[in-house]
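Dumped upload-v5.cif below, it's mmCIF, C-alpha atoms:
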data_entry
#
loop_
_atom_site.label_atom_id
_atom_site.label_comp_id
_atom_site.auth_asym_id
_atom_site.auth_seq_id
_atom_site.Cartn_x
_atom_site.Cartn_y
_atom_site.Cartn_z
CA MET A 995 20.03 -17.28 27.66
CA ASN A 996 21.74 -20.29 26.13
CA THR A 997 21.76 -19.43 22.44
CA THR A 998 23.72 -22.55 21.50
CA HIS A 999 21.00 -24.72 23.01
CA THR A 1000 18.36 -22.60 21.34
CA GLU A 1001 19.88 -22.98 17.91
CA THR A 1002 19.89 -26.77 18.21
CA ASN A 1003 16.08 -26.71 18.38
CA VAL A 1004 15.24 -23.99 15.91
CA GLY A 1005 16.91 -22.36 12.95
CA PRO A 1006 16.58 -19.77 10.19
CA GLU A 1007 13.17 -21.18 9.21
CA THR A 1008 11.88 -19.37 12.29
CA PHE A 1009 12.20 -16.13 10.34
CA THR A 1010 10.00 -17.61 7.62
CA LYS A 1011 7.36 -18.25 10.27
CA VAL A 1012 7.70 -14.69 11.57
CA ALA A 1013 7.41 -13.29 8.06
CA GLN A 1014 4.30 -15.36 7.33
CA LYS A 1015 2.64 -14.07 10.48
CA LEU A 1016 3.63 -10.40 10.36
CA ILE A 1017 4.21 -9.28 6.78
CA PRO A 1018 0.69 -9.94 5.39
CA PHE A 1019 -0.90 -8.02 8.28
CA LEU A 1020 1.57 -5.12 8.05
CA PHE A 1021 1.07 -5.23 4.29
CA LEU A 1022 -2.68 -4.73 4.77
CA CYS A 1023 -2.03 -1.81 7.13
CA TYR A 1024 0.19 -0.10 4.59
CA VAL A 1025 -2.23 -0.69 1.71
CA VAL A 1026 -5.02 1.21 3.49
CA ALA A 1027 -2.54 3.81 4.76
CA PHE A 1028 -1.10 4.54 1.36
CA LEU A 1029 -4.49 4.54 -0.30
CA ASP A 1030 -5.65 7.31 2.05
CA ARG A 1031 -2.47 9.26 1.40
CA VAL A 1032 -2.53 9.25 -2.40
CA ASN A 1033 -6.19 8.85 -3.41
CA VAL A 1034 -6.22 12.64 -3.64
CA GLY A 1035 -4.48 12.20 -7.02
CA PHE A 1036 -7.59 10.50 -8.37
CA ALA A 1037 -10.02 12.73 -6.49
CA LYS A 1038 -8.33 15.70 -8.20
CA LEU A 1039 -9.69 14.66 -11.60
CA GLN A 1040 -13.24 15.42 -10.42
CA MET A 1041 -12.77 17.54 -7.30
CA ALA A 1042 -10.55 20.20 -8.90
CA PRO A 1043 -13.02 21.13 -11.67
CA GLU A 1044 -15.98 21.05 -9.26
CA LEU A 1045 -14.28 23.24 -6.62
CA GLN A 1046 -12.29 25.27 -9.18
CA PHE A 1047 -8.88 24.28 -7.80
CA SER A 1048 -5.95 25.28 -10.01
CA ASP A 1049 -2.98 22.96 -10.58
CA ALA A 1050 -1.00 25.10 -8.12
CA VAL A 1051 -3.69 24.77 -5.43
CA PHE A 1052 -3.83 21.00 -5.87
CA GLY A 1053 -0.04 20.59 -5.93
CA PHE A 1054 0.42 22.63 -2.76
CA GLY A 1055 -2.49 20.94 -0.97
CA ALA A 1056 -1.33 17.45 -1.93
CA GLY A 1057 2.15 18.20 -0.66
CA ILE A 1058 1.28 20.05 2.57
CA PHE A 1059 0.50 16.62 4.03
CA PHE A 1060 4.24 16.19 4.47
CA ILE A 1061 4.70 19.40 6.47
CA GLY A 1062 2.50 17.99 9.25
CA TYR A 1063 4.24 14.66 8.78
CA PHE A 1064 7.66 16.31 9.19
CA ILE A 1065 6.78 18.18 12.38
CA PHE A 1066 5.42 15.18 14.26
CA GLU A 1067 7.53 12.35 12.80
CA VAL A 1068 10.40 12.09 15.30
CA PRO A 1069 8.24 12.53 18.45
CA SER A 1070 5.82 9.91 17.14
CA ASN A 1071 8.52 7.30 16.56
CA VAL A 1072 10.15 7.90 19.96
CA ILE A 1073 6.72 7.50 21.60
CA LEU A 1074 6.18 4.25 19.67
CA GLU A 1075 9.39 2.82 21.10
CA LYS A 1076 8.32 3.81 24.63
CA VAL A 1077 4.64 2.73 24.61
CA GLY A 1078 4.82 -0.17 22.15
CA ALA A 1079 3.93 -0.66 18.50
CA ARG A 1080 0.47 -2.11 19.02
CA ALA A 1081 -1.21 0.84 20.78
CA TRP A 1082 0.59 3.57 18.86
CA ILE A 1083 0.12 2.16 15.35
CA ALA A 1084 -3.56 1.55 16.17
CA ARG A 1085 -3.91 5.19 17.28
CA ILE A 1086 -2.26 6.40 14.09
CA MET A 1087 -4.51 4.37 11.80
CA ILE A 1088 -7.78 5.23 13.51
CA SER A 1089 -7.09 8.96 13.58
CA TRP A 1090 -5.98 9.17 9.96
CA GLY A 1091 -8.98 7.12 8.77
CA ILE A 1092 -11.36 9.59 10.41
CA ILE A 1093 -9.57 12.61 8.94
CA SER A 1094 -9.38 11.02 5.49
CA SER A 1095 -13.13 10.44 5.47
CA ALA A 1096 -13.66 14.06 6.56
CA PHE A 1097 -12.41 15.22 3.14
CA MET A 1098 -15.91 14.63 1.80
CA PHE A 1099 -16.89 17.80 3.69
CA VAL A 1100 -14.06 19.93 2.28
CA ASP A 1101 -16.56 22.25 0.58
CA LYS A 1102 -18.81 22.57 3.64
CA PHE A 1103 -16.52 24.32 6.11
CA VAL A 1104 -16.82 28.11 6.38
CA TRP A 1105 -13.67 29.97 7.39
CA GLY A 1106 -14.61 33.53 6.42
CA SER A 1107 -11.90 36.12 7.02
CA LEU A 1108 -9.37 33.45 8.10
CA ALA A 1109 -9.37 31.87 4.62
CA ALA A 1110 -9.43 35.29 2.98
CA SER A 1111 -6.35 36.36 4.94
CA PHE A 1112 -4.46 33.54 3.20
CA ASN A 1113 -5.94 34.53 -0.16
CA CYS A 1114 -7.90 31.25 -0.25
CA THR A 1115 -11.49 30.26 -0.82
CA ASP A 1116 -13.14 28.34 2.03
CA ALA A 1117 -12.79 25.08 0.06
CA GLU A 1118 -9.10 25.67 -0.68
CA PHE A 1119 -8.34 26.48 2.94
CA SER A 1120 -10.26 23.40 4.12
CA PHE A 1121 -8.29 21.28 1.66
CA TYR A 1122 -4.99 22.60 3.02
CA VAL A 1123 -6.04 22.17 6.67
CA LEU A 1124 -7.26 18.59 6.23
CA ARG A 1125 -4.19 17.55 4.23
CA PHE A 1126 -1.97 19.01 6.97
CA LEU A 1127 -3.95 17.22 9.70
CA LEU A 1128 -3.77 13.96 7.75
CA GLY A 1129 0.01 14.28 7.79
CA VAL A 1130 -0.03 14.95 11.54
CA ALA A 1131 -2.23 11.89 12.12
CA GLU A 1132 -0.14 9.55 9.99
CA ALA A 1133 3.25 10.80 11.26
CA GLY A 1134 5.24 7.90 12.64
CA PHE A 1135 3.45 5.10 10.82
CA PHE A 1136 5.99 4.16 8.14
CA PRO A 1137 9.19 4.72 10.15
CA GLY A 1138 7.41 3.00 13.05
CA ILE A 1139 6.95 -0.09 10.90
CA ILE A 1140 10.58 0.08 9.74
CA LEU A 1141 11.66 0.28 13.39
CA TYR A 1142 9.24 -2.54 14.27
CA LEU A 1143 10.84 -4.82 11.68
CA THR A 1144 14.24 -4.32 13.36
CA TYR A 1145 12.75 -6.05 16.44
CA TRP A 1146 12.12 -9.20 14.36
CA PHE A 1147 14.73 -9.45 11.59
CA PRO A 1148 18.55 -9.02 11.51
CA GLY A 1149 19.95 -6.70 8.86
CA SER A 1150 20.83 -9.46 6.38
CA ARG A 1151 17.14 -10.41 6.08
CA ARG A 1152 15.53 -7.02 6.42
CA ALA A 1153 15.71 -5.58 2.89
CA LYS A 1154 13.58 -8.36 1.45
CA MET A 1155 11.06 -8.04 4.31
CA VAL A 1156 10.86 -4.29 3.78
CA ALA A 1157 10.45 -4.86 0.02
CA LEU A 1158 7.63 -7.37 0.61
CA PHE A 1159 5.96 -4.96 3.05
CA MET A 1160 6.40 -2.04 0.70
CA THR A 1161 4.90 -3.81 -2.29
CA ALA A 1162 1.80 -2.49 -0.53
CA ILE A 1163 2.62 0.84 -2.22
CA ALA A 1164 2.33 -0.82 -5.62
CA VAL A 1165 -0.66 -2.93 -4.60
CA SER A 1166 -2.49 0.08 -3.16
CA ASN A 1167 -2.10 1.66 -6.58
CA LEU A 1168 -2.89 -1.56 -8.43
CA VAL A 1169 -6.11 -2.02 -6.46
CA GLY A 1170 -6.74 1.60 -5.58
CA SER A 1171 -6.39 3.04 -9.08
CA PRO A 1172 -9.26 1.13 -10.73
CA LEU A 1173 -11.23 1.17 -7.46
CA SER A 1174 -10.88 4.95 -7.12
CA GLY A 1175 -11.78 5.43 -10.77
CA ALA A 1176 -14.81 3.16 -10.46
CA ILE A 1177 -16.08 4.87 -7.30
CA MET A 1178 -15.79 8.30 -8.88
CA GLN A 1179 -17.39 7.22 -12.13
CA TYR A 1180 -20.20 4.95 -10.93
CA MET A 1181 -21.00 6.43 -7.49
CA ASP A 1182 -21.14 9.99 -8.78
CA GLY A 1183 -24.52 11.47 -7.86
CA ALA A 1184 -25.56 8.58 -5.56
CA ALA A 1185 -27.66 10.05 -2.73
CA GLY A 1186 -26.91 13.44 -4.27
CA VAL A 1187 -23.20 13.14 -3.39
CA SER A 1188 -20.29 13.66 -5.82
CA GLY A 1189 -18.11 10.69 -6.71
CA TRP A 1190 -14.95 12.21 -5.20
CA LYS A 1191 -16.73 12.53 -1.85
CA TRP A 1192 -17.73 8.86 -1.93
CA LEU A 1193 -14.08 8.12 -2.73
CA PHE A 1194 -12.81 9.71 0.48
CA LEU A 1195 -15.52 8.12 2.64
CA LEU A 1196 -15.28 4.58 1.28
CA GLU A 1197 -11.47 4.52 1.27
CA GLY A 1198 -11.07 6.18 4.68
CA ALA A 1199 -13.31 3.86 6.67
CA PRO A 1200 -11.15 0.69 6.27
CA SER A 1201 -8.24 2.40 8.06
CA VAL A 1202 -10.37 2.79 11.19
CA VAL A 1203 -11.39 -0.87 11.10
CA VAL A 1204 -7.81 -2.11 10.55
CA GLY A 1205 -6.62 0.21 13.31
CA PHE A 1206 -8.78 -1.65 15.84
CA LEU A 1207 -7.47 -4.98 14.49
CA VAL A 1208 -3.91 -3.75 15.07
CA PHE A 1209 -4.70 -3.00 18.71
CA TYR A 1210 -6.03 -6.49 19.32
CA PHE A 1211 -3.69 -8.64 17.23
CA LEU A 1212 -0.26 -7.04 16.72
CA PRO A 1213 2.44 -8.18 19.24
CA ASN A 1214 4.84 -5.49 20.45
CA GLY A 1215 7.81 -7.83 19.96
CA PRO A 1216 8.94 -11.48 19.89
CA ARG A 1217 8.22 -12.01 23.61
CA GLU A 1218 4.53 -11.22 23.05
CA ALA A 1219 4.18 -13.47 19.99
CA LYS A 1220 2.05 -16.38 21.21
CA TRP A 1221 2.51 -18.11 17.85
CA LEU A 1222 6.25 -18.53 18.57
CA THR A 1223 7.52 -21.16 21.00
CA PRO A 1224 9.83 -19.93 23.81
CA GLU A 1225 12.78 -21.45 21.92
CA GLU A 1226 11.81 -19.60 18.74
CA GLN A 1227 11.43 -16.36 20.69
CA ASP A 1228 14.91 -16.84 22.13
CA TYR A 1229 16.35 -17.54 18.68
CA VAL A 1230 14.83 -14.43 17.07
CA ILE A 1231 15.94 -12.19 19.95
CA ALA A 1232 19.46 -13.68 19.96
CA GLN A 1233 19.87 -13.15 16.21
CA VAL A 1234 18.60 -9.58 16.38
CA GLU A 1235 20.79 -8.78 19.40
CA ALA A 1236 23.85 -10.21 17.65
CA ASP A 1237 23.08 -7.98 14.68
CA GLU A 1238 22.71 -4.96 16.97
CA LYS A 1239 26.13 -5.60 18.54
CA LEU A 1240 27.78 -5.29 15.12
CA LYS A 1241 26.54 -1.71 14.83
CA THR A 1242 28.25 -0.17 17.84
CA THR A 1243 31.22 -0.65 20.11
CA ASP A 1244 29.88 1.42 23.02
CA ASP A 1245 26.62 2.51 24.59
CA SER A 1246 26.59 6.06 23.23
CA SER A 1247 24.55 5.16 20.16
CA HIS A 1248 21.70 4.08 22.41
CA HIS A 1249 20.84 7.72 23.17
CA TRP A 1250 18.42 9.24 20.69
CA LEU A 1251 20.42 12.49 20.34
CA ASP A 1252 23.42 10.55 19.01
CA ALA A 1253 21.55 9.91 15.78
CA PHE A 1254 21.89 13.60 14.91
CA SER A 1255 25.67 13.71 15.48
CA ASP A 1256 26.29 11.13 12.73
CA ILE A 1257 26.92 12.79 9.36
CA ARG A 1258 25.54 9.71 7.61
CA VAL A 1259 22.09 10.40 9.08
CA TRP A 1260 22.06 13.88 7.51
CA ALA A 1261 23.42 12.59 4.20
CA LEU A 1262 20.87 9.80 4.04
CA ALA A 1263 18.09 12.26 4.85
CA PHE A 1264 18.88 14.12 1.64
CA VAL A 1265 19.25 10.88 -0.33
CA TYR A 1266 15.80 9.85 0.83
CA PHE A 1267 14.50 13.33 -0.05
CA SER A 1268 15.83 12.93 -3.59
CA GLY A 1269 13.94 9.68 -4.10
CA VAL A 1270 10.75 10.75 -2.34
CA VAL A 1271 10.48 14.02 -4.27
CA CYS A 1272 10.33 11.98 -7.49
CA PHE A 1273 8.04 9.32 -6.08
CA TYR A 1274 5.25 11.57 -4.86
CA ALA A 1275 5.49 13.94 -7.81
CA ILE A 1276 4.75 11.00 -10.11
CA ASN A 1277 2.29 9.28 -7.76
CA PHE A 1278 0.06 12.31 -7.16
CA TRP A 1279 0.16 13.44 -10.78
CA MET A 1280 0.08 10.07 -12.59
CA PRO A 1281 -3.75 10.05 -12.97
CA THR A 1282 -3.59 13.52 -14.54
CA ILE A 1283 -0.64 12.57 -16.79
CA ILE A 1284 -2.49 9.46 -17.98
CA GLN A 1285 -5.76 11.33 -18.52
CA GLU A 1286 -3.93 13.84 -20.71
CA LEU A 1287 -2.67 11.05 -23.00
CA GLY A 1288 -6.10 11.08 -24.65
CA VAL A 1289 -8.45 9.46 -22.14
CA ASP A 1290 -11.98 10.88 -22.00
CA LYS A 1291 -12.27 13.45 -19.18
CA LYS A 1292 -15.13 11.50 -17.56
CA ASP A 1293 -13.68 8.00 -17.96
CA PHE A 1294 -12.02 7.79 -14.55
CA PHE A 1295 -12.19 3.99 -14.52
CA LYS A 1296 -10.08 3.78 -17.68
CA VAL A 1297 -7.45 6.03 -16.08
CA GLY A 1298 -7.40 3.60 -13.15
CA LEU A 1299 -7.00 0.57 -15.40
CA ILE A 1300 -4.10 2.12 -17.32
CA SER A 1301 -2.43 3.01 -14.01
CA ILE A 1302 -2.19 -0.71 -13.25
CA ILE A 1303 0.54 -1.12 -15.89
CA PRO A 1304 3.31 1.00 -14.29
CA TRP A 1305 2.54 -0.08 -10.72
CA GLY A 1306 2.17 -3.78 -11.56
CA ILE A 1307 5.54 -4.01 -13.29
CA ALA A 1308 7.13 -1.87 -10.56
CA ALA A 1309 5.86 -4.21 -7.83
CA VAL A 1310 7.56 -7.21 -9.44
CA PHE A 1311 10.81 -5.32 -10.04
CA MET A 1312 10.82 -4.01 -6.46
CA VAL A 1313 10.78 -7.51 -4.93
CA ILE A 1314 13.37 -8.89 -7.38
CA TRP A 1315 15.73 -5.96 -6.73
CA GLY A 1316 15.31 -6.22 -2.95
CA ASP A 1317 15.93 -9.96 -3.03
CA HIS A 1318 19.05 -9.48 -5.14
CA SER A 1319 20.35 -6.90 -2.66
CA ASP A 1320 19.83 -9.37 0.20
CA LYS A 1321 21.51 -12.24 -1.62
CA THR A 1322 24.59 -10.19 -2.50
CA GLY A 1323 24.68 -8.24 0.78
CA GLU A 1324 25.26 -5.07 -1.27
CA ARG A 1325 23.14 -1.97 -0.57
CA ARG A 1326 24.78 1.22 -1.80
CA TYR A 1327 24.93 0.42 -5.51
CA HIS A 1328 21.42 -1.03 -5.45
CA VAL A 1329 20.10 2.23 -4.00
CA ALA A 1330 22.06 4.34 -6.49
CA GLY A 1331 20.98 2.09 -9.37
CA SER A 1332 17.34 2.51 -8.42
CA LEU A 1333 17.68 6.30 -8.52
CA LEU A 1334 19.44 6.11 -11.90
CA LEU A 1335 16.51 4.09 -13.26
CA CYS A 1336 14.14 6.77 -11.97
CA ILE A 1337 16.23 9.47 -13.69
CA LEU A 1338 16.05 7.55 -16.98
CA GLY A 1339 12.26 7.45 -16.77
CA LEU A 1340 11.97 11.15 -15.93
CA ILE A 1341 14.18 12.11 -18.87
CA GLY A 1342 12.00 9.88 -21.03
CA LEU A 1343 8.85 11.68 -19.85
CA ALA A 1344 10.47 15.03 -20.65
CA PHE A 1345 11.20 13.92 -24.23
CA VAL A 1346 8.11 11.94 -25.30
CA GLY A 1347 5.48 14.62 -24.66
CA LYS A 1348 1.98 13.12 -24.75
CA ALA A 1349 2.75 10.08 -26.92
CA PRO A 1350 0.72 7.35 -25.13
CA ILE A 1351 2.88 4.22 -25.38
CA PRO A 1352 6.28 5.90 -24.78
CA SER A 1353 4.76 7.84 -21.86
CA ILE A 1354 3.46 4.66 -20.21
CA ILE A 1355 6.87 3.02 -20.68
CA ALA A 1356 8.57 6.05 -19.10
CA LEU A 1357 6.08 6.08 -16.21
CA THR A 1358 6.80 2.37 -15.67
CA VAL A 1359 10.55 3.01 -15.53
CA VAL A 1360 10.09 5.84 -13.02
CA ALA A 1361 7.72 3.76 -10.86
CA SER A 1362 10.10 0.78 -10.90
CA GLY A 1363 13.04 2.96 -9.91
CA VAL A 1364 11.36 4.77 -7.04
CA LEU A 1365 9.73 1.64 -5.58
CA ALA A 1366 13.02 -0.26 -5.68
CA PHE A 1367 14.70 2.75 -4.07
CA VAL A 1368 12.34 3.06 -1.10
CA ALA A 1369 12.47 -0.69 -0.49
CA ILE A 1370 16.26 -1.00 -0.32
CA PHE A 1371 17.10 2.43 1.04
CA TRP A 1372 16.14 1.58 4.64
CA SER A 1373 18.80 -1.09 4.89
CA LEU A 1374 21.40 1.72 4.89
CA PRO A 1375 20.46 3.61 8.10
CA THR A 1376 19.45 0.46 9.99
CA ALA A 1377 22.94 -0.94 9.29
CA PHE A 1378 24.54 1.46 11.80
CA LEU A 1379 21.77 2.87 14.03
CA THR A 1380 20.66 0.97 17.12
CA GLY A 1381 18.49 1.36 20.22
CA THR A 1382 16.67 4.67 20.77
CA ALA A 1383 19.06 6.27 18.26
CA ALA A 1384 17.47 4.02 15.63
CA ALA A 1385 13.99 5.27 16.52
CA ALA A 1386 15.06 8.92 16.31
CA GLY A 1387 17.40 8.47 13.33
CA ILE A 1388 14.92 6.54 11.20
CA ALA A 1389 12.17 9.04 12.00
CA PHE A 1390 14.45 12.01 11.25
CA ILE A 1391 15.56 10.58 7.89
CA ASN A 1392 11.99 9.75 6.99
CA SER A 1393 10.58 13.12 8.06
CA VAL A 1394 13.26 15.20 6.30
CA GLY A 1395 13.13 12.94 3.27
CA ASN A 1396 9.37 13.12 3.13
CA LEU A 1397 9.53 16.88 2.74
CA GLY A 1398 10.19 15.82 -0.83
CA GLY A 1399 6.57 14.68 -0.82
CA HIS A 1400 5.63 18.34 -0.43
CA PHE A 1401 8.20 19.73 -2.85
CA GLY A 1402 7.61 17.27 -5.73
CA PRO A 1403 3.83 17.63 -6.25
CA ASP A 1404 4.02 21.37 -5.54
CA LEU A 1405 6.81 21.77 -8.12
CA ILE A 1406 4.77 20.10 -10.85
CA GLY A 1407 1.64 22.09 -9.93
CA ARG A 1408 3.48 25.43 -10.09
CA VAL A 1409 5.27 24.57 -13.34
CA ARG A 1410 2.00 23.51 -14.97
CA ASN A 1411 0.30 26.69 -13.76
CA LEU A 1412 3.03 28.88 -15.23
CA SER A 1413 3.40 26.96 -18.51
CA GLY A 1414 -0.24 26.33 -19.40
CA GLY A 1415 -0.17 22.65 -18.46
CA ALA A 1416 3.33 21.70 -19.72
CA THR A 1417 5.36 19.54 -17.31
CA GLU A 1418 8.67 18.88 -19.11
CA SER A 1419 10.82 21.34 -17.15
CA ALA A 1420 9.55 19.86 -13.88
CA PHE A 1421 10.68 16.40 -15.01
CA TRP A 1422 14.17 17.75 -15.71
CA ALA A 1423 14.32 19.38 -12.28
CA LEU A 1424 13.25 16.15 -10.56
CA ALA A 1425 15.89 14.19 -12.52
CA ALA A 1426 18.58 16.65 -11.38
CA ILE A 1427 17.58 16.25 -7.73
CA ALA A 1428 17.67 12.47 -8.06
CA PHE A 1429 21.13 12.68 -9.62
CA VAL A 1430 22.46 14.56 -6.59
CA GLY A 1431 21.01 11.71 -4.49
CA VAL A 1432 23.02 9.21 -6.57
CA ILE A 1433 26.26 11.14 -5.97
CA ILE A 1434 25.70 11.35 -2.20
CA THR A 1435 24.76 7.66 -2.00
CA LEU A 1436 28.00 6.65 -3.69
CA ALA A 1437 30.02 9.05 -1.53
CA ILE A 1438 28.67 7.94 1.87
CA SER A 1439 31.36 6.46 4.15
CA ARG A 1440 31.76 2.71 3.89
CA GLU A 1441 32.33 2.30 7.61
CA GLU A 1442 28.99 0.65 8.32
CA PRO A 1443 29.16 -3.11 8.95
CA THR A 1444 29.25 -5.33 5.91
CA GLU A 1445 26.31 -7.70 5.75
CA GLN A 1446 26.74 -11.34 4.92
CA PRO A 1447 24.70 -12.43 1.89
CA THR A 1448 21.84 -14.79 2.70
#
Mind turning the file's structure into structure tokens?
Amino acid sequence: MNTTHTETNVGPETFTKVAQKLIPFLFLCYVVAFLDRVNVGFAKLQMAPELQFSDAVFGFGAGIFFIGYFIFEVPSNVILEKVGARAWIARIMISWGIISSAFMFVDKFVWGSLAASFNCTDAEFSFYVLRFLLGVAEAGFFPGIILYLTYWFPGSRRAKMVALFMTAIAVSNLVGSPLSGAIMQYMDGAAGVSGWKWLFLLEGAPSVVVGFLVFYFLPNGPREAKWLTPEEQDYVIAQVEADEKLKTTDDSSHHWLDAFSDIRVWALAFVYFSGVVCFYAINFWMPTIIQELGVDKKDFFKVGLISIIPWGIAAVFMVIWGDHSDKTGERRYHVAGSLLLCILGLIGLAFVGKAPIPSIIALTVVASGVLAFVAIFWSLPTAFLTGTAAAAGIAFINSVGNLGGHFGPDLIGRVRNLSGGATESAFWALAAIAFVGVIITLAISREEPTEQPT
């Protein structure tokens, strides 16, 4: 390949074209994915009283999703690299959409002695099983997308692309919060079906539809992108390959097992855990926290509207922070700063009690910190992992880190159960975990390649 000739015909604007083609579609995929993952936080407002779920039952069930996710994460991402993004991401989305919709039958399954042996009602056991299976089905999606973006963008451009893609988290909450509230409030009783059941059905079906669209429209890599000219394909591949060469001086890092021999992979797994534990604790429990600020117990739509405030501001901050990280080429302090912002918000929540305006401000600070964190964080491992080691390393960091998604919601549920609904001590514990993440982030070796600001 003659890269000099290629660069005389095309230039950096090619990446703008790639972004315009890929990011909106991947954004849509993540919106429906994340909606199916976290709509249980809204469903809880109606489902828990109807099925007599305690806070501890909900917290454990919400978090058990990440146990299934953890077990199948690394194999899923390695398979994606072998079979291609298009088929595997489509499989993931279709299977999780079906399972998500199946939650409307959570009170219909009969387990008998099996549920009793776990000291559960049939409904509780069904809730745990379906949440676990949802995690199994979705395993590999997010790290698969992160890996997929490394096929298209060099490291110096990736943080902003990841941030744009991951604004889907905020948008899924911006759109999903009032939508979920409206479905539960206004569809309740339609055709004799509870609102929370309509919620799972109507928000699960789009994942199946989008999954089929992925199979037909998503290219596996630049060579399959018919909307790029051959020269543009060459340019993208040359830039990505040049970026890959900066990460390693030999071929050993191309073996997937080498990811686990790098201490930075293990350190970053805990750093990601520290951010994720805070993120999902707040995400799954935000509807309940907002409802307890004085919102009528049946006004689910109002809870959804208020939820727009933290997620809307967080979405804007997330993109600005990611763009600033790209422009400066600095990653470590941006990641640590995001976690510090999250800690500030958690401490605020612990102090303000149920005062409405200060609580919303604190929730906004937490949401801004955790969204900025997850957007920029992935520029750290992709700065030194390459080849199959990248697939395994990214998946390992994501799967271990996402165990925080089990621990965070479960922690709040257990604390509330033991304290009669008080959550302050849980906020302090989450802040302490995040602080450890800050220390590790700042202590990680600086040996990874320095990125040039864009």
So which residues get picked by the PyMOL selection byres ((chain A and resi 1074-1084) around 6) here, written as a PyMOL selection string? chain A and resi 1071-1073+1085-1087+1205+1208-1209+1212+1214
Neighbour list for Val1169 of chain A as a PyMOL selection string, cut-off 12 Å, only C-alpha atoms, skip fewer than 3 positions in-chain: chain A and resi 1025-1026+1028-1029+1033+1161-1166+1172-1176+1197+1295+1298-1303+1305-1306
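Here the question is which of A:Val1289, A:Asn1396, A:Ala1425, A:Asp1320 gets nearest to Gly1342 of chain A using only C-alpha atoms, and that residue is A:Ala1425.
Counting from atom CA of Ser1070 of chain A, the distance to atom CA of Phe1135 of chain A is 8.3 Å.
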For atom CA of Phe1311 of chain A and atom CA of Gly1395 of chain A, quote the distance in Å rounded to one decimal. 22.7 Å
Test item: residues at most 12 Å from segment 1099-1108 of chain A, only C-alpha atoms, excluding those fewer than 2 positions along its chain, as a ChimeraX atom specification: /A:1041-1042,1044-1047,1092-1097,1110-1125,1187-1188,1190-1195
Check what the PyMOL selection byres ((chain A and resi 1260) around 12) selects in the file above and give those residues as a PDB file with C-alpha atoms, keeping the file's coordinate frame.
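Once written, out_11.pdb looks like this:
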ATOM      1  CA  ALA A1253      21.550   9.910  15.780  1.00  0.00           C
ATOM      2  CA  PHE A1254      21.890  13.600  14.910  1.00  0.00           C
ATOM      3  CA  SER A1255      25.670  13.710  15.480  1.00  0.00           C
ATOM      4  CA  ASP A1256      26.290  11.130  12.730  1.00  0.00           C
ATOM      5  CA  ILE A1257      26.920  12.790   9.360  1.00  0.00           C
ATOM      6  CA  ARG A1258      25.540   9.710   7.610  1.00  0.00           C
ATOM      7  CA  VAL A1259      22.090  10.400   9.080  1.00  0.00           C
ATOM      8  CA  ALA A1261      23.420  12.590   4.200  1.00  0.00           C
ATOM      9  CA  LEU A1262      20.870   9.800   4.040  1.00  0.00           C
ATOM     10  CA  ALA A1263      18.090  12.260   4.850  1.00  0.00           C
ATOM     11  CA  PHE A1264      18.880  14.120   1.640  1.00  0.00           C
ATOM     12  CA  VAL A1265      19.250  10.880  -0.330  1.00  0.00           C
ATOM     13  CA  TYR A1266      15.800   9.850   0.830  1.00  0.00           C
ATOM     14  CA  PHE A1267      14.500  13.330  -0.050  1.00  0.00           C
ATOM     15  CA  PRO A1375      20.460   3.610   8.100  1.00  0.00           C
ATOM     16  CA  GLY A1387      17.400   8.470  13.330  1.00  0.00           C
ATOM     17  CA  ILE A1388      14.920   6.540  11.200  1.00  0.00           C
ATOM     18  CA  ALA A1389      12.170   9.040  12.000  1.00  0.00           C
ATOM     19  CA  PHE A1390      14.450  12.010  11.250  1.00  0.00           C
ATOM     20  CA  ILE A1391      15.560  10.580   7.890  1.00  0.00           C
ATOM     21  CA  ASN A1392      11.990   9.750   6.990  1.00  0.00           C
ATOM     22  CA  SER A1393      10.580  13.120   8.060  1.00  0.00           C
ATOM     23  CA  VAL A1394      13.260  15.200   6.300  1.00  0.00           C
ATOM     24  CA  GLY A1395      13.130  12.940   3.270  1.00  0.00           C
ATOM     25  CA  ILE A1434      25.700  11.350  -2.200  1.00  0.00           C
ATOM     26  CA  THR A1435      24.760   7.660  -2.000  1.00  0.00           C
ATOM     27  CA  ILE A1438      28.670   7.940   1.870  1.00  0.00           C
TER      28      ILE A1438
END
Close residues, Trp1146 of chain A itself excluded, 7 Å, only C-alpha atoms, min 5 positions apart in chain, as a CSV table (one decimal) with C-alpha atoms, keeping the file's coordinate frame:
chain,number,residue,atom,x,y,z
A,1216,PRO,CA,8.9,-11.5,19.9
A,1230,VAL,CA,14.8,-14.4,17.1
A,1234,VAL,CA,18.6,-9.6,16.4
One decimal, Å: what's the distance from atom CA of Val1204 of chain A over to atom CA of Leu1020 of chain A, could you say?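 Result for atom CA of Val1204 of chain A versus atom CA of Leu1020 of chain A: 10.2 Å, one decimal.
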From the options A:Leu1287, A:Ile1065, A:Cys1272, A:Ala1366, which residue's atoms come nearest to Gly1402 of chain A, counting only C-alpha atoms?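 Closest residue, counting only C-alpha atoms: A:Cys1272.
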